Structure formats: structure tokens, C-alpha cells
Amino acid sequence: MKPATRYSTTHREWAAGFAFASPWIIGFLLFTVAPICMSFYYSFCRYDVLRPPMFIGIENYRFLLMESEKFWKSVYNTVYFTVCRVPLVIAGSLLLALLLARPRRGIGLARTIFYMPSIISGVALSLIWLWLYNPKYGLVNQGLALLGVKGPMWLNSPAWSKEAIIFMGLWSIGGGRMIVMIAGLNAIPQHLYESASIDGAGWWSQFRHITLPQLSSTLFLLTIVEVIGSFQVFTEAYLMTSGGPLDSTLFYNLELYYKAFQEYNMGLASAMAWLLFVGTLIVTVFMFHVLGRRVYYEAEQ
Amino acid sequence: MLIKGKTLKNVNQQTVIWAGALLMLIPLLWMISSSLKTPQGVFETPIRWIPKPVYWENYTKAFQAMPTLLYTRNTIIITACSIIGYLVSGSLVAYSFARLRWPGRDSLFYVLVGTMMLPPQVTIVPLFVIFRNLHWINTYYPLVVPAYLTGWPFFIFLMRQYFLTIPLDLTDAARVDGAGHLRIYWSVILPLAQPALATVAIFAFLLHWNDFFGPLIYLAEDSKFTLALGLMSYAGRHQSEWSVLMAASVVMLLPPLMVFFFCQRYFVEGIALTGTKG
């Protein structure tokens with residue numbers, strides 16, 4: 001008698017489980033699995049949406065990798081952007097977190113101010129910074145002029161356009177990353193510091209031997225998120241520079257967008273999406289191997 | 001000696017903190033200041049921080065030169081419908097992953113976490129094709145319907161993490177009393193999970209209020225534009241009207257800023273919940 005009841009309650013729970021999860025399962029099949037399969041097929045096709053896709057083998061991939069200068073330019077720009085931006089964001093927000101982690105007078109207000117820019121994004125963010133970076137009348141160059149420095153043309157200069165977008169990014173996301181790091185810092189057991197200072201360890205040595213190892217899993221996670229995010233930079237460049245000047249801010253996703261939604265070359269765009277996916281995967285796995293090994297985990301497993 | 005040194009260090013750190021905070025505020029102050037200058041006043045050098053005269057007409061122009069009210073209405077419709085979708089479907093799914101036992105649950109959860117890593121570009125072209133075949137281009141369906149099918153797995157993840165922290169005893173007690181799953185979900189889990197629901201609502205609000213890429217791809221007609229898209233198309237046509245553009249930016253930023261100031265607690269909780277429990 002008893003096992004039978006058990007059996008049926010288990011089955012009822014299974015049914016309920018699937019039923020409750022069904023919005024995601026359906027959405028996953030319709031909006032993730034199906035598009036992935038379609039995208040993979042399109043990447044081997046010539047396809048302009050109006051006429052049915054025509055299979056052309058690896059031609060899209062061959063064109064991108066062997067012939068397209070714009071493709072390689074966009075790869076270069078995106079890698080440059082990522083390599084400059086990620087260390088700056090991580091180091092900057094770590095510094096902020098170290099300053100703002102401990103309770104002190106006015107700390108709540110200070111954290112609020114640093115976090116506030118994180119809720120500004122997209123169009124408003126781009127418009128504010130377009131105006132700030134205005135070579136002649138913008139605040140940035142006016143401020144530099146006060147210091148006796150003649151500011152560059154920023155977004156109008158091929159040499160400074162990427163840097164301009166990177167600096168803007170620091171302002172806009174540093175505070176959000178800081179909050180994550182503060183949560184990580186506050187999770188470090190206080191007694192570690194206490195016993196270290198009894199042993200006479202100075203600030204630097206405490207930072208190196210306690211803070212960094214204890215925070216390493218947070219730092220590692222943020223680095224991965226940041227790298228993947230930097231690969232996907234789009235809106236700022238689309239709105240502020242349209243990829244210019246001289247393609248200096250033609251990032252990968254911008255080139256993909258132009259191919260897909262201006263030239264309606266959906267096959268080529270799909271091939272680009274897959275190359276990005278594979279590239280992201282390789283970089284992530286590489287980071288897990290190289291950095292993941294240095295991450296310190298509590299001996300709880 | 002030691003105490004003196006410590007105080008000095010503390011004062012220095014305070015100086016650094018507040019100088020940094022000022023630096024963070026300056027772009028916003030500059031935006032507000034510019035929004036109150038005359039069209040010529042913005043080009044005045046050296047910079048005058050307090051506008052003279054204070055030129056409120058930029059704000060009336062921000063509403064007259066483009067259909068800002070209509071854009072706002074459109075944005076509210078899309079945002080509100082999406083938030084409801086994320087809350088309803090997301091919490092159901094999260095309940096299933098957190099509290100119900102069924103075969104394949106854990107592996108499917110890994111798949112769900114995996115899809116958070118998937119670059120959206122991989123699916124954007126086929127999604128466009130799918131929505132085009134459904135004749136959904138230039139409607140709000142592509143922007144709203146995915147929310148009801150949990151288009152943003154991050155929210156499920158966030159809610160599941162929170163549901164896991166609700167003590168099992170509470171749901172077990174309800175179970176002993178003969179409550180079904182739907183009942184436990186509705187009258188035990190949901191009331192206790194309000195902070196998580198609020199966090200999801202806030203993040204979803206910001207996501208859709210600021211969304212640019214979705215409307216850019218799917219909306220074609222000016223009367224259907226959102227604030228973000230409308231403002232950007234106006235900016236493209238009137239590139240040097242900085243005072244009006246800054247006024248419109250202030251208008252667009254006000255709702256997110258207000259939500260931020262009234263709901264700060266949920267921001268920090270949400271970030272802590274997902275940021276540390278990788």
C-alpha cells in the first residue's frame with residue numbers, strides 16, 4: 001500500500017515539475033535551440049531574408065577569414081578594447097571596493113554615488129558622453145585646457161576613439177563591479193586579519209596573502225563576465241561613432257549588425273556569430289585553465 | 001604617534017573617496033547644467049556651471065519637437081508587460097528548479113546557466129527571421145512575448161537562488177496540511193520571496209526602459225518608437241541642439257533614477273545574491 005502511494009506522489013511531483021518549468025522549456029526550444037540550429041545552417045548559406053537560403057558550403061567562413069579586411073579590423077578592435085578595458089575595470093573597481101568596504105562616515109552615500117552611473121545606459125549614456133567628449137566645447141577638453149593640456153579629438157580621432165569608449169565604460173560600470181567586490185570582501189573572515197596583524201603583517205602583506213587569495217574567486221568570475229561583455233560591445237559604438245573614424249571603433253558586433261541588418265547578408269552574419277561563439281568559448285576555457293588554477297577555494301569541498 | 005598616523009591616513013582616504021565621488025557626479029551635473037542653457041549658451045567658454053538665464057524652454061521643446069509623451073507611453077507598455085511576464089513565468093520556473101524533484105532537473109539547470117553565457121548574436125538573426133515569418137515586425141510582440149517564455153534566464157537563476165534560502169520546514173508544514181504545489185508556490189513561496197521578485201522587477205524595468213537594440217531591430221514606424229529609439233533618431237537629425245538633447249536625456253533618466261533611489265536595498269541584495277553565489 002505504502003510504496004504505491006509514494007510512487008504516485010513522486011509521479012505527481014514529476015508532472016508538477018515539468019509543468020512549472022514549461023515556460024522555460026518551451027522558450028528554450030523556441031528561442032534558443034531552434035535559432036541555434038537555424039543559425040548554424042544559415043552560416044553555410046547565402047541568405048537575404050527575401051529569397052530562401054541557398055547552400056554554399058564554407059564560403060562565408062572562407063570569405064571572412066581569408067578575404068574580409070573589415071572582419072579582421074573588427075577582430076583587432078574588439079581584442080584591443082577587451083585587453084585594455086578588462087584590467088582597468090577590475091583594478092579600478094577593486095581599488096574602489098577596498099576604499100569603500102569598511103563602514104565609515106557617509107559610506108552609504110558614497111557607495112550610492114559610485115553606483116549611480118550604472119543605471120544609466122544606452123542612448124542617454126551615449127548622448128551625455130558625446131557632449132562631454134565634444135573636442136571644442138565638451139567638458140573633458142575644457143577641463144584639460146585648464147590644466148594646460150590640449151585634449152585630443154577623442155571620438156573624432158582614430159587614435160583616441162577606443163580609449164574614449166573605454167574611459168566612459170569605467171565611469172558607467174565601475175560602481176556595479178565595486179558592489180560585487182564589496183560583498184566578496186565582507187565575506188572574508190575577520191579573524192584572518194586579526195591573527196595576521198598580531199603576527200606583525202603590514203598592510204601590503206595582508207592584502208597579498210589574505211585579501212587577494214580570499215577574493216580570487218570573485219575576481220575570477222568578474223574577469224570572465226567582463227571579457228565576455230567586452231566582446232559584445234555594440235551600443236556605444238553604434239550610437240557615438242558608427243564604427244568610425246576610419247573604422248577605428250568598428251567592433252565585432254557592429255560589423256555583424258551592419259552585415260545582418262543593413263546589407264541583409266544573414267548568412268555571413270550567422271557565420272560571424274558562430275566564429276564569435278567559438279572564440280568566446282576558447283578564451284573562456286583558456287581563462288579557466290590559466291587563471292582558474294590560481295583561484296583559492298575554501299577547503300570546504 | 002600611531003593614533004595620529006591612523007587619523008591622518010583616514011582623512012586622506014576620506015579625501016580620495018569624496019574627490020572620486022565628485023568626479024563621478026560631474027558628468028551628471030554637466031548634463032543638468034547644459035539642459036538649462038540657451039542653445040548658444042552651451043557653446044560659451046569658459047564654462048559657466050550655473051546657467052544664466054535659466055532656460056527651461058529646452059524641456060518644453062523636448063516634449064514638442066518630438067512626440068516624447070507617445071514614446072513614453074510606448075516604453076511604459078513594453079516595460080510593464082515584460083516585467084509581468086518575467087515575474088509570472090520566471091517565478092514558476094524558479095520554483096520548479098528550486099523545490100520540485102523531477103528527472104533531468106539538475107542537468108537542465110546547468111543548460112539554463114549555460115544559456116546565460118551564450119552570446120545573443122548567435123540567435124539574433126534566426127530570431128529576426130522567425131518573428132518576420134510570424135509577421136511580428138513593427139509590433140511589440142518580439143519585445144514582450146519572450147519575457148513570458150523566460151527570455152532572460154538570469155532572472156530565473158536569481159529567483160531560484162533566493163527560493164533555495166527559504167527554509168524547507170515552511171513548505172513541508174504546508175505539504176502536511178495537504179496543500180498542493182500551486183498552493184505552496186502561491187501562498188508560501190511568493191510572499192516570502194518578495195525581495196527577490198522586487199529585484200527582478202527592478203532589473204527588468206531598467207533592461208527594457210533602456211533597451212535600444214531590440215526596438216532598433218524590430219520597430220520601424222516612428223509612432224511605435226520607444227524613448228530610447230525616438231531620442232536617438234532625433235539626435236541623429238539635430239546633432240548640435242545639445243541643450244534640448246540634454247533636457248530629453250534628463251527626462252529619460254528620471255524614472256530609472258527615482259526607482260534607484262527608492263529601491264536601493266534591492267539593487268544591492270540582487271547583486272550580492274547573484275554575484276557571490278556563483
# chains A, B, ... in the order shown; residues from 1 in each chain; ligands from 1
call {"tool": "interface_residues", "arguments": {"of": "chain B", "to": "chain A", "cutoff": "7 Å", "atoms": "only C-alpha atoms", "output": "PyMOL selection string"}}
result
chain B and resi 21+24+31+43+89+92-93+96+100-102+119+121-123+125-127+149-151+210+212+228+232+249+256+271-272+275-276
call {"tool": "write_last_selection", "arguments": {"atoms": "C-alpha atoms", "output": "mmCIF file, in the first residue's frame"}}
result
data_model
loop_
_atom_site.group_PDB
_atom_site.id
_atom_site.type_symbol
_atom_site.label_atom_id
_atom_site.label_comp_id
_atom_site.auth_asym_id
_atom_site.auth_seq_id
_atom_site.Cartn_x
_atom_site.Cartn_y
_atom_site.Cartn_z
ATOM 1 C CA ALA B 21 32.534 60.730 -5.772
ATOM 2 C CA MET B 24 31.524 60.513 -10.724
ATOM 3 C CA MET B 31 24.169 67.219 -18.243
ATOM 4 C CA PHE B 43 28.918 76.817 -26.551
ATOM 5 C CA SER B 89 6.795 32.717 -15.684
ATOM 6 C CA LEU B 92 7.053 29.379 -11.675
ATOM 7 C CA VAL B 93 10.162 28.022 -13.344
ATOM 8 C CA SER B 96 10.315 24.070 -10.141
ATOM 9 C CA LEU B 100 10.373 20.167 -7.113
ATOM 10 C CA ARG B 101 12.143 16.945 -7.887
ATOM 11 C CA TRP B 102 11.895 15.631 -11.424
ATOM 12 C CA PRO B 119 26.266 35.457 -26.987
ATOM 13 C CA GLN B 121 24.297 37.446 -31.522
ATOM 14 C CA VAL B 122 24.136 33.719 -32.247
ATOM 15 C CA THR B 123 20.359 33.770 -32.044
ATOM 16 C CA VAL B 125 19.486 36.579 -36.972
ATOM 17 C CA PRO B 126 17.225 33.499 -36.755
ATOM 18 C CA LEU B 127 15.001 35.228 -34.200
ATOM 19 C CA LEU B 149 8.746 32.367 -22.041
ATOM 20 C CA THR B 150 11.524 33.470 -19.665
ATOM 21 C CA GLY B 151 13.708 35.044 -22.297
ATOM 22 C CA ASN B 210 16.999 51.445 -21.620
ATOM 23 C CA PHE B 212 17.983 50.027 -27.604
ATOM 24 C CA ALA B 228 15.485 55.325 -26.410
ATOM 25 C CA MET B 232 18.344 58.561 -30.814
ATOM 26 C CA SER B 249 18.194 62.798 -21.582
ATOM 27 C CA PRO B 256 15.338 54.980 -13.512
ATOM 28 C CA ILE B 271 23.907 41.985 -6.907
ATOM 29 C CA ALA B 272 25.093 40.260 -3.764
ATOM 30 C CA GLY B 275 27.489 37.976 -7.636
ATOM 31 C CA THR B 276 28.773 35.864 -4.795
#
call {"tool": "residues_around", "arguments": {"residues": "region 153-165 of chain B", "least_positions_apart": "2", "cutoff": "8 Å", "atoms": "only C-alpha atoms", "output": "list in words"}}
result
Tyr86, Gly90, Ser91, Val93, Ala94, Tyr95, Phe97, Ala98, Arg99, Leu112, Val113, Thr115, Met116, Thr150, Gly151, Pro167, Ile189, Ala193, Ala196, Leu197, Val200, Gly270, Leu273 and Thr274 of chain B
call {"tool": "write_last_selection", "arguments": {"atoms": "N, CA, C and O atoms", "output": "short mmCIF file (atom, residue, chain, number, x, y, z; two decimals), in the first residue's frame"}}
result
data_model
loop_
_atom_site.label_atom_id
_atom_site.label_comp_id
_atom_site.auth_asym_id
_atom_site.auth_seq_id
_atom_site.Cartn_x
_atom_site.Cartn_y
_atom_site.Cartn_z
N TYR B 86 8.18 38.33 -16.83
CA TYR B 86 9.33 37.78 -16.11
C TYR B 86 8.92 37.29 -14.74
O TYR B 86 9.36 36.24 -14.28
N GLY B 90 8.88 33.44 -14.69
CA GLY B 90 10.17 33.21 -14.04
C GLY B 90 10.03 32.59 -12.66
O GLY B 90 10.77 31.67 -12.31
N SER B 91 9.04 33.04 -11.89
CA SER B 91 8.92 32.50 -10.54
C SER B 91 8.40 31.07 -10.58
O SER B 91 8.80 30.24 -9.77
N VAL B 93 9.03 28.86 -12.95
CA VAL B 93 10.16 28.02 -13.34
C VAL B 93 11.17 27.91 -12.20
O VAL B 93 11.67 26.82 -11.90
N ALA B 94 11.41 29.03 -11.54
CA ALA B 94 12.37 29.00 -10.44
C ALA B 94 11.89 28.08 -9.32
O ALA B 94 12.68 27.35 -8.72
N TYR B 95 10.58 28.08 -9.07
CA TYR B 95 10.03 27.18 -8.05
C TYR B 95 10.30 25.73 -8.42
O TYR B 95 10.71 24.92 -7.59
N PHE B 97 12.70 24.56 -10.31
CA PHE B 97 14.12 24.21 -10.20
C PHE B 97 14.59 24.20 -8.75
O PHE B 97 15.53 23.49 -8.40
N ALA B 98 13.94 24.99 -7.90
CA ALA B 98 14.41 25.07 -6.52
C ALA B 98 13.76 24.01 -5.63
O ALA B 98 14.40 23.47 -4.73
N ARG B 99 12.50 23.68 -5.87
CA ARG B 99 11.76 22.91 -4.88
C ARG B 99 11.17 21.60 -5.36
O ARG B 99 10.77 20.76 -4.56
N LEU B 112 20.46 25.81 -18.48
CA LEU B 112 19.93 27.16 -18.29
C LEU B 112 21.07 28.14 -17.96
O LEU B 112 21.16 29.22 -18.54
N VAL B 113 21.93 27.73 -17.03
CA VAL B 113 23.06 28.60 -16.69
C VAL B 113 23.96 28.79 -17.91
O VAL B 113 24.46 29.88 -18.17
N THR B 115 23.03 28.88 -21.00
CA THR B 115 22.46 29.82 -21.97
C THR B 115 22.70 31.26 -21.56
O THR B 115 22.64 32.16 -22.38
N MET B 116 22.99 31.49 -20.25
CA MET B 116 23.33 32.85 -19.84
C MET B 116 24.64 33.30 -20.48
O MET B 116 24.90 34.49 -20.60
N THR B 150 10.29 33.33 -20.45
CA THR B 150 11.52 33.47 -19.66
C THR B 150 12.75 33.72 -20.54
O THR B 150 13.74 33.02 -20.45
N GLY B 151 12.63 34.74 -21.37
CA GLY B 151 13.71 35.04 -22.30
C GLY B 151 15.00 35.47 -21.63
O GLY B 151 16.02 35.57 -22.28
N PRO B 167 13.40 28.39 4.23
CA PRO B 167 13.51 27.13 4.99
C PRO B 167 12.52 26.08 4.49
O PRO B 167 11.35 26.38 4.23
N ILE B 189 5.68 30.46 -0.88
CA ILE B 189 6.93 30.91 -1.50
C ILE B 189 6.86 32.37 -1.95
O ILE B 189 7.70 33.20 -1.59
N ALA B 193 9.20 35.53 -0.92
CA ALA B 193 10.24 35.84 -1.90
C ALA B 193 10.12 37.26 -2.44
O ALA B 193 10.73 37.60 -3.44
N ALA B 196 13.21 39.10 -3.72
CA ALA B 196 13.73 38.61 -4.99
C ALA B 196 12.86 39.08 -6.15
O ALA B 196 13.36 39.48 -7.21
N LEU B 197 11.54 39.03 -5.96
CA LEU B 197 10.64 39.49 -7.02
C LEU B 197 10.87 40.97 -7.30
O LEU B 197 10.89 41.41 -8.46
N VAL B 200 14.02 41.41 -9.33
CA VAL B 200 13.80 41.07 -10.74
C VAL B 200 13.01 42.17 -11.43
O VAL B 200 13.35 42.59 -12.55
N GLY B 270 20.26 42.15 -4.82
CA GLY B 270 20.28 41.39 -6.07
C GLY B 270 21.69 41.12 -6.54
O GLY B 270 22.03 40.00 -6.93
N LEU B 273 23.33 38.64 -4.20
CA LEU B 273 22.77 37.30 -4.35
C LEU B 273 23.36 36.57 -5.55
O LEU B 273 23.66 35.39 -5.49
N THR B 274 23.52 37.28 -6.65
CA THR B 274 23.99 36.61 -7.86
C THR B 274 25.48 36.73 -8.02
O THR B 274 26.10 35.90 -8.66
#
call {"tool": "select_by_dssp", "arguments": {"residues": "region 135-201 of chain A", "states": "alpha helix (DSSP H)", "output": "PyMOL selection string"}}
result
chain A and resi 139-146+161-186+190-198
call {"tool": "residues_around", "arguments": {"residues": "Ala65 (chain B)", "least_positions_apart": "4", "cutoff": "9 Å", "atoms": "only C-alpha atoms", "output": "ChimeraX atom specification"}}
result
/B:60-61,234
call {"tool": "closest_residue", "arguments": {"among": "B:Leu118, B:Asp169, B:Glu241, B:Gly214", "to": "Gly279 (chain A)", "atoms": "only C-alpha atoms"}}
result
B:Leu118
call {"tool": "atom_distance", "arguments": {"atom1": "CA of Asn138 (chain B)", "atom2": "CA of Lys224 (chain B)"}}
result
7.6 Å
call {"tool": "closest_residue", "arguments": {"among": "B:Pro215, B:Gly178, B:Gly104, B:Gly230", "to": "Thr139 (chain B)", "atoms": "only C-alpha atoms"}}
result
B:Pro215
